[in-house]
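Q: What follows is a structure written as structure tokens; I'll ask about it next.
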Amino acid sequence: MAKADYTQLAKDVVAAVGGKENIISVSNCMTRLRFVLKDDTIPDKDQVTAIKDVKGVMNQGGQYQVIIGTHVNEVVKFVQKEIGQTEGTVNKDDYRIVKKDSLFNRFFKTISGCIMPMIGPMIAGGIIKGILVILTTAGVLTSTDGTYLVLYAAADAIFYFLPIVVGFSCGKVFDCNPYVTAAVGAALVYPNLVSAVAAEGGITFLGIPVANATYASTFLPIVLAGFVASRLEHLAKKFIPQMLQLMLVPVFVLAITVPLSWLVIGPVMNELSSLLSSAVFGIFGISPLLGGLILGAFWQMVVLLGLHAAFVPILMNNIITQGYDPVNAVLGLTVWALAGVAFGYALKMKDPEKRSIGFGSMASALCGVTEPTIYSIALPNFKLFICAWIGGGVAGAITGALGIKMYTLAGDGFFRIPAMINPAGLDISFYGFIACAILAFVVSAVLAFIFAGKESKKKA
């Protein structure tokens with residue numbers, strides 16, 4: 001099948017946001033083109049949304065977001081070609097720290113820039129781990145089988161060596177040599193050093209004791225270490241002759257950053273990571289039922305505002321530090337609630353085109369992408385968004401009260417289910433989540449069917 005040509009769509013969108021001279025960079029998420037603009041007051045929202053195939057616009061988090069749909073990963077290539085941007089894994093300008101941004105935006109754009117490129121492999125790893133738990137529970141495999149070990153390595157490698165992968169992204173975001181920052185991350189998980197600091201008596205560096213800590217599966221220590229490395233690199237280039245910079249700049253950066261990471265940065269950021277996770281769990285722990293009710297009802301409003309990516313580091317940190325996350329367990333239900341709204345809407349509509357939109361949006365939501373439901377069904381008829389709030393809130397409250405947990409990162413919809421499997425075996429987190437997901441779907445679907453309103457069948 002020939003690939004679709006989005007050349008005209010790209011031209012129209014680029015022109016509507018102020019032309020390529022107003023665009024610093026463009027990237028994409030699951031459904032949106034994310035522009036970093038020189039002046040975000042130039043685009044006319046009505047002009048942008050009037051473009052065929054554009055489903056909506058959001059200007060949040062320092063990015064001008066144009067909602068396209070699940071084919072946005074193809075559209076972005078045409079847009080990048082139109083503005084002359086080379087396609088790459090990470091573009092530091094996509095997450096640049098803009099002075100006019102709020103402190104919140106500046107911090108989370110930096111963190112997101114370091115983490116978002118690896119979300120796909122991390123979700124894949126979570127799904128594979130879930131499948132392995134099912135296979136071992138069913139007796140198909142054991143944890144000592146070669147097949148299990150190979151697949152588990154495929155799933156767990158990115159988590160274990162997270163400092164290396166994040167380190168590389170940090171180099172891109174902080175505008176320094178990414179291979180040097182990856183090397184800093186590698187030093188944090190270097191086997192001989194890890195064993196030495198964990199041994200009885202530990203080790204010292206220039207007489208200073210090195211804390212007994214582990215940095216496998218961590219990301220905050222390498223983010224700060226990467227920032228420090230970038231500052232050191234820029235400093236070194238000021239006094240090291242250009243002809244010697246290729247060799248001596250990395251020597252200067254590594255010789256300072258690696259010891260500093262083990263002595264100061266790592267321990268401090270590990271403590272911060274623990275405090276952050278404890279705070280999130282503490283807030284949720286005051287009343288799991290109330291926390292589940294609020295998050296289950298209104299999380300998709302955060303998605304609507306385009307700010308959900310900012311919470312990824314916090315949710316990741318919960319799983320990294322605790323091994324599970326009750327918060328993200330609740331958030332996964334909101335997808336099922338919107339899928340239910342789309343289903344109820346489709347059943348009520350007589351117009352074949354609207355029925356098609358309803359069923360298509362439901363399928364998209366069940367695969368983890370809710371924007372089609374939000375922008376084509378829930379927002380145009382806000383009563384249906386409220387139906388999703390009710391369905392998600394009820395299911396979220398029950399999920400919180402039952403103490404259901406998510407054990408690894410995974411996708412949404414059906415792809416969230418493997419992440420609910422406790423490594424120790426199937427329990428309430430698995431069965432309870434499925435039951436609550438069905439509840440969120442059914443409640444939202446019934447309410448949407450009631451409140452969608454009657455429509456006459458479209459005449460030929």
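Residues in the structure tokens are named by chain (A, B, ... in the order shown) and by number from 1 within that chain; ligands are numbered from 1 in the order shown.
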Determine, counting only C-alpha atoms, which protein, DNA and RNA residues have an atom within 12 Å of an atom of Ala437 of chain A; residues of the same chain fewer than 5 positions away are not included. Present the result as a PyMOL selection string.

A: chain A and resi 296+329-340+366+391-399+404+412-414+416-417+420+429-432+442-444

Q: Residues within 7 Å of segment 66-73 of chain A, please, as a count of residues only. Count only C-alpha atoms; anything in the same chain fewer than 2 positions from it doesn't count.

A: 16

Q: Just the number, please: distance in Å from atom CA of Ile164 of chain A to atom CA of Gln245 of chain A, one decimal.

A: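 Result for atom CA of Ile164 of chain A versus atom CA of Gln245 of chain A: 23.0 Å, one decimal.
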
Q: Could you jot down the atom CA of Ile240 of chain A to atom CA of Val228 of chain A separation for me, Å, one decimal place?

A: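 About the pair atom CA of Ile240 of chain A and atom CA of Val228 of chain A: they are 18.0 Å apart.
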
Q: List the spatial neighbours of Thr321 of chain A as a PyMOL selection string - criterion: any atom at most 12 Å away, only C-alpha atoms, same-chain residues fewer than 2 positions off excluded.

A: chain A and resi 214-220+270-278+280-281+313-319+323-325+407-408

Q: Write the selection just made, keeping N, CA, C and O atoms, as a compact mmCIF listing (two decimals), in the first residue's frame?

A:
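Below is the file again.txt, written as the result:
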```
# COMPACT_ATOMS: atom_id res chain seq x y z
N THR A 214 23.02 2.30 44.89
CA THR A 214 22.87 1.70 43.57
C THR A 214 22.12 2.66 42.67
O THR A 214 21.14 3.30 43.10
N TYR A 215 22.58 2.79 41.45
CA TYR A 215 21.97 3.74 40.53
C TYR A 215 21.35 3.07 39.32
O TYR A 215 20.91 3.75 38.39
N ALA A 216 21.31 1.74 39.31
CA ALA A 216 20.59 1.03 38.26
C ALA A 216 19.11 1.43 38.33
O ALA A 216 18.55 1.58 39.41
N SER A 217 18.50 1.64 37.19
CA SER A 217 17.07 1.99 37.09
C SER A 217 16.74 3.35 37.69
O SER A 217 15.58 3.61 38.03
N THR A 218 17.72 4.24 37.84
CA THR A 218 17.44 5.59 38.33
C THR A 218 17.59 6.59 37.18
O THR A 218 18.29 6.32 36.19
N PHE A 219 16.93 7.74 37.31
CA PHE A 219 17.10 8.75 36.25
C PHE A 219 17.43 10.14 36.77
O PHE A 219 18.10 10.92 36.10
N LEU A 220 17.00 10.49 37.98
CA LEU A 220 17.30 11.82 38.49
C LEU A 220 18.80 12.07 38.69
O LEU A 220 19.30 13.15 38.34
N ASN A 270 19.25 10.71 44.83
CA ASN A 270 18.53 9.52 45.30
C ASN A 270 17.61 9.87 46.47
O ASN A 270 16.49 9.39 46.57
N GLU A 271 18.12 10.72 47.36
CA GLU A 271 17.31 11.15 48.50
C GLU A 271 16.12 11.98 48.03
O GLU A 271 14.99 11.81 48.51
N LEU A 272 16.36 12.88 47.08
CA LEU A 272 15.28 13.69 46.51
C LEU A 272 14.25 12.80 45.85
O LEU A 272 13.04 13.02 45.96
N SER A 273 14.71 11.78 45.12
CA SER A 273 13.82 10.86 44.45
C SER A 273 12.92 10.14 45.45
O SER A 273 11.71 10.01 45.25
N SER A 274 13.50 9.70 46.56
CA SER A 274 12.72 9.02 47.60
C SER A 274 11.70 9.96 48.23
O SER A 274 10.55 9.57 48.49
N LEU A 275 12.11 11.21 48.47
CA LEU A 275 11.20 12.18 49.07
C LEU A 275 10.04 12.49 48.12
O LEU A 275 8.88 12.61 48.54
N LEU A 276 10.34 12.62 46.84
CA LEU A 276 9.31 12.90 45.84
C LEU A 276 8.29 11.78 45.79
O LEU A 276 7.08 12.01 45.82
N SER A 277 8.79 10.55 45.74
CA SER A 277 7.89 9.40 45.69
C SER A 277 7.06 9.31 46.98
O SER A 277 5.86 9.04 46.94
N SER A 278 7.70 9.54 48.12
CA SER A 278 6.99 9.49 49.40
C SER A 278 5.89 10.54 49.47
O SER A 278 4.80 10.29 50.01
N VAL A 280 4.20 11.84 46.88
CA VAL A 280 3.10 11.43 46.00
C VAL A 280 2.28 10.34 46.66
O VAL A 280 1.05 10.39 46.70
N PHE A 281 2.98 9.33 47.22
CA PHE A 281 2.27 8.25 47.89
C PHE A 281 1.55 8.74 49.14
O PHE A 281 0.48 8.26 49.49
N PRO A 313 7.78 11.77 34.56
CA PRO A 313 8.90 11.53 35.48
C PRO A 313 8.46 11.13 36.89
O PRO A 313 9.09 10.28 37.52
N ILE A 314 7.37 11.74 37.38
CA ILE A 314 6.89 11.42 38.73
C ILE A 314 6.36 9.99 38.77
O ILE A 314 6.67 9.23 39.69
N LEU A 315 5.58 9.62 37.76
CA LEU A 315 5.01 8.27 37.72
C LEU A 315 6.11 7.22 37.54
O LEU A 315 6.05 6.14 38.15
N MET A 316 7.11 7.55 36.72
CA MET A 316 8.25 6.65 36.57
C MET A 316 8.98 6.48 37.89
O MET A 316 9.37 5.38 38.29
N ASN A 317 9.15 7.60 38.59
CA ASN A 317 9.90 7.58 39.85
C ASN A 317 9.21 6.71 40.88
O ASN A 317 9.86 6.02 41.68
N ASN A 318 7.89 6.71 40.89
CA ASN A 318 7.15 5.87 41.84
C ASN A 318 7.50 4.40 41.65
O ASN A 318 7.77 3.67 42.61
N ILE A 319 7.49 3.94 40.40
CA ILE A 319 7.78 2.53 40.12
C ILE A 319 9.24 2.21 40.40
O ILE A 319 9.57 1.16 40.95
N GLY A 323 8.69 0.11 43.32
CA GLY A 323 8.40 -1.16 42.65
C GLY A 323 6.96 -1.28 42.21
O GLY A 323 6.58 -2.27 41.57
N TYR A 324 6.15 -0.27 42.49
CA TYR A 324 4.75 -0.27 42.08
C TYR A 324 4.21 1.16 42.17
O TYR A 324 4.86 2.05 42.71
N ASP A 325 3.02 1.36 41.62
CA ASP A 325 2.43 2.70 41.64
C ASP A 325 0.91 2.61 41.63
O ASP A 325 0.32 2.23 40.62
N TYR A 407 2.70 -2.26 38.26
CA TYR A 407 4.03 -2.73 38.62
C TYR A 407 5.12 -2.39 37.61
O TYR A 407 6.30 -2.56 37.90
N THR A 408 4.76 -1.92 36.45
CA THR A 408 5.76 -1.52 35.47
C THR A 408 5.11 -0.56 34.50
O THR A 408 3.89 -0.45 34.44
```

Q: If we count only C-alpha atoms, what is near Gly125 of chain A at a cut-off of 9 Å, once residues fewer than 5 positions away on the same chain are taken out, given as an MDAnalysis selection string?

A: chainID A and resid 120 130 152 154:159 408:410

Q: Convert the current residue selection to file output with N, CA and C atoms, as an mmCIF file, in the first residue's frame.

A:
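Okay, again-v6.cif is ready:
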```cif
data_model
loop_
_atom_site.group_PDB
_atom_site.id
_atom_site.type_symbol
_atom_site.label_atom_id
_atom_site.label_comp_id
_atom_site.auth_asym_id
_atom_site.auth_seq_id
_atom_site.Cartn_x
_atom_site.Cartn_y
_atom_site.Cartn_z
ATOM 1 N N GLY A 120 8.812 4.591 24.444
ATOM 2 C CA GLY A 120 8.386 3.440 23.631
ATOM 3 C C GLY A 120 9.042 2.139 24.071
ATOM 4 N N GLY A 130 4.980 -8.361 31.593
ATOM 5 C CA GLY A 130 3.636 -8.842 31.929
ATOM 6 C C GLY A 130 3.330 -10.181 31.267
ATOM 7 N N TYR A 152 13.447 -11.733 29.200
ATOM 8 C CA TYR A 152 13.481 -10.825 30.349
ATOM 9 C C TYR A 152 14.597 -9.797 30.189
ATOM 10 N N ALA A 154 15.607 -8.634 27.351
ATOM 11 C CA ALA A 154 15.097 -7.677 26.367
ATOM 12 C C ALA A 154 14.175 -6.663 27.034
ATOM 13 N N ALA A 155 13.388 -7.138 28.010
ATOM 14 C CA ALA A 155 12.426 -6.264 28.689
ATOM 15 C C ALA A 155 13.078 -5.378 29.741
ATOM 16 N N ASP A 156 14.064 -5.909 30.456
ATOM 17 C CA ASP A 156 14.590 -5.219 31.634
ATOM 18 C C ASP A 156 15.835 -4.370 31.356
ATOM 19 N N ALA A 157 16.485 -4.608 30.219
ATOM 20 C CA ALA A 157 17.766 -3.939 29.962
ATOM 21 C C ALA A 157 17.658 -2.427 30.016
ATOM 22 N N ILE A 158 16.615 -1.860 29.397
ATOM 23 C CA ILE A 158 16.523 -0.396 29.369
ATOM 24 C C ILE A 158 16.269 0.163 30.762
ATOM 25 N N PHE A 159 15.590 -0.611 31.622
ATOM 26 C CA PHE A 159 15.363 -0.160 32.995
ATOM 27 C C PHE A 159 16.663 -0.224 33.798
ATOM 28 N N THR A 408 4.758 -1.925 36.452
ATOM 29 C CA THR A 408 5.764 -1.519 35.474
ATOM 30 C C THR A 408 5.114 -0.562 34.498
ATOM 31 N N LEU A 409 5.920 0.161 33.745
ATOM 32 C CA LEU A 409 5.373 1.076 32.749
ATOM 33 C C LEU A 409 4.802 0.283 31.580
ATOM 34 N N ALA A 410 3.703 0.736 31.070
ATOM 35 C CA ALA A 410 3.081 0.072 29.921
ATOM 36 C C ALA A 410 2.208 1.086 29.202
#
```

Q: Would you give me, as a PyMOL selection string, the residues in segment 335-452 of chain A that DSSP reads as helix (DSSP H, G or I)?

A: chain A and resi 335-348+352-366+371-378+382-402+413-420+428-451

Q: A:Val26, A:Leu263, A:Val48, A:Ile222: which is nearest Gln80 of chain A, counting only C-alpha atoms?

A: A:Val26

Q: Measuring atom to atom with only C-alpha atoms, identify which of A:Ile434, A:Ile24, A:Ile265, A:Ile131 is nearest to Val36 of chain A.

A: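 Under the stated criterion, the closest residue is A:Ile24.
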
Q: Within 10 Å of Phe78 of chain A, counting only C-alpha atoms, which residues qualify if same-chain residues fewer than 3 places away don't, as a PyMOL selection string?

A: chain A and resi 5-11+72-75+81-85

Q: Include N, CA, C and O atoms and write out the residues we just selected as a short mmCIF file (atom, residue, chain, number, x, y, z; two decimals), in the first residue's frame.

A:
```
data_model
loop_
_atom_site.label_atom_id
_atom_site.label_comp_id
_atom_site.auth_asym_id
_atom_site.auth_seq_id
_atom_site.Cartn_x
_atom_site.Cartn_y
_atom_site.Cartn_z
N ASP A 5 0.36 10.96 1.23
CA ASP A 5 1.17 12.16 1.01
C ASP A 5 0.56 13.32 1.80
O ASP A 5 -0.56 13.75 1.54
N TYR A 6 1.30 13.78 2.80
CA TYR A 6 0.81 14.85 3.66
C TYR A 6 1.51 16.18 3.36
O TYR A 6 1.57 17.05 4.22
N THR A 7 2.00 16.31 2.14
CA THR A 7 2.74 17.53 1.78
C THR A 7 1.88 18.78 1.94
O THR A 7 2.31 19.78 2.53
N GLN A 8 0.64 18.73 1.41
CA GLN A 8 -0.22 19.91 1.49
C GLN A 8 -0.63 20.22 2.91
O GLN A 8 -0.67 21.39 3.32
N LEU A 9 -0.90 19.18 3.69
CA LEU A 9 -1.25 19.39 5.10
C LEU A 9 -0.09 20.05 5.82
O LEU A 9 -0.28 20.99 6.61
N ALA A 10 1.13 19.59 5.55
CA ALA A 10 2.31 20.17 6.18
C ALA A 10 2.46 21.64 5.80
O ALA A 10 2.74 22.50 6.64
N LYS A 11 2.28 21.94 4.52
CA LYS A 11 2.39 23.33 4.06
C LYS A 11 1.36 24.22 4.75
O LYS A 11 1.67 25.34 5.18
N VAL A 72 0.07 10.95 13.14
CA VAL A 72 0.92 12.13 13.26
C VAL A 72 2.40 11.79 13.06
O VAL A 72 3.19 12.62 12.61
N ASN A 73 2.80 10.54 13.37
CA ASN A 73 4.20 10.17 13.20
C ASN A 73 4.62 10.18 11.73
O ASN A 73 5.81 10.28 11.42
N GLU A 74 3.66 10.09 10.83
CA GLU A 74 3.96 10.24 9.40
C GLU A 74 3.88 11.71 8.99
O GLU A 74 4.72 12.19 8.21
N VAL A 75 2.89 12.42 9.52
CA VAL A 75 2.72 13.83 9.18
C VAL A 75 3.95 14.66 9.59
O VAL A 75 4.40 15.54 8.87
N LYS A 81 10.34 18.22 6.90
CA LYS A 81 10.90 18.47 5.57
C LYS A 81 10.55 19.86 5.09
O LYS A 81 11.38 20.56 4.49
N GLU A 82 9.33 20.29 5.37
CA GLU A 82 8.86 21.61 4.93
C GLU A 82 9.66 22.73 5.57
O GLU A 82 9.94 23.75 4.94
N ILE A 83 10.05 22.55 6.85
CA ILE A 83 10.78 23.62 7.54
C ILE A 83 12.29 23.40 7.52
O ILE A 83 13.05 24.21 8.06
N GLY A 84 12.72 22.27 6.93
CA GLY A 84 14.15 22.02 6.81
C GLY A 84 14.78 21.49 8.07
O GLY A 84 15.99 21.64 8.28
N GLN A 85 14.00 20.83 8.92
CA GLN A 85 14.53 20.26 10.16
C GLN A 85 14.92 18.82 9.92
O GLN A 85 14.16 18.03 9.39
#
```
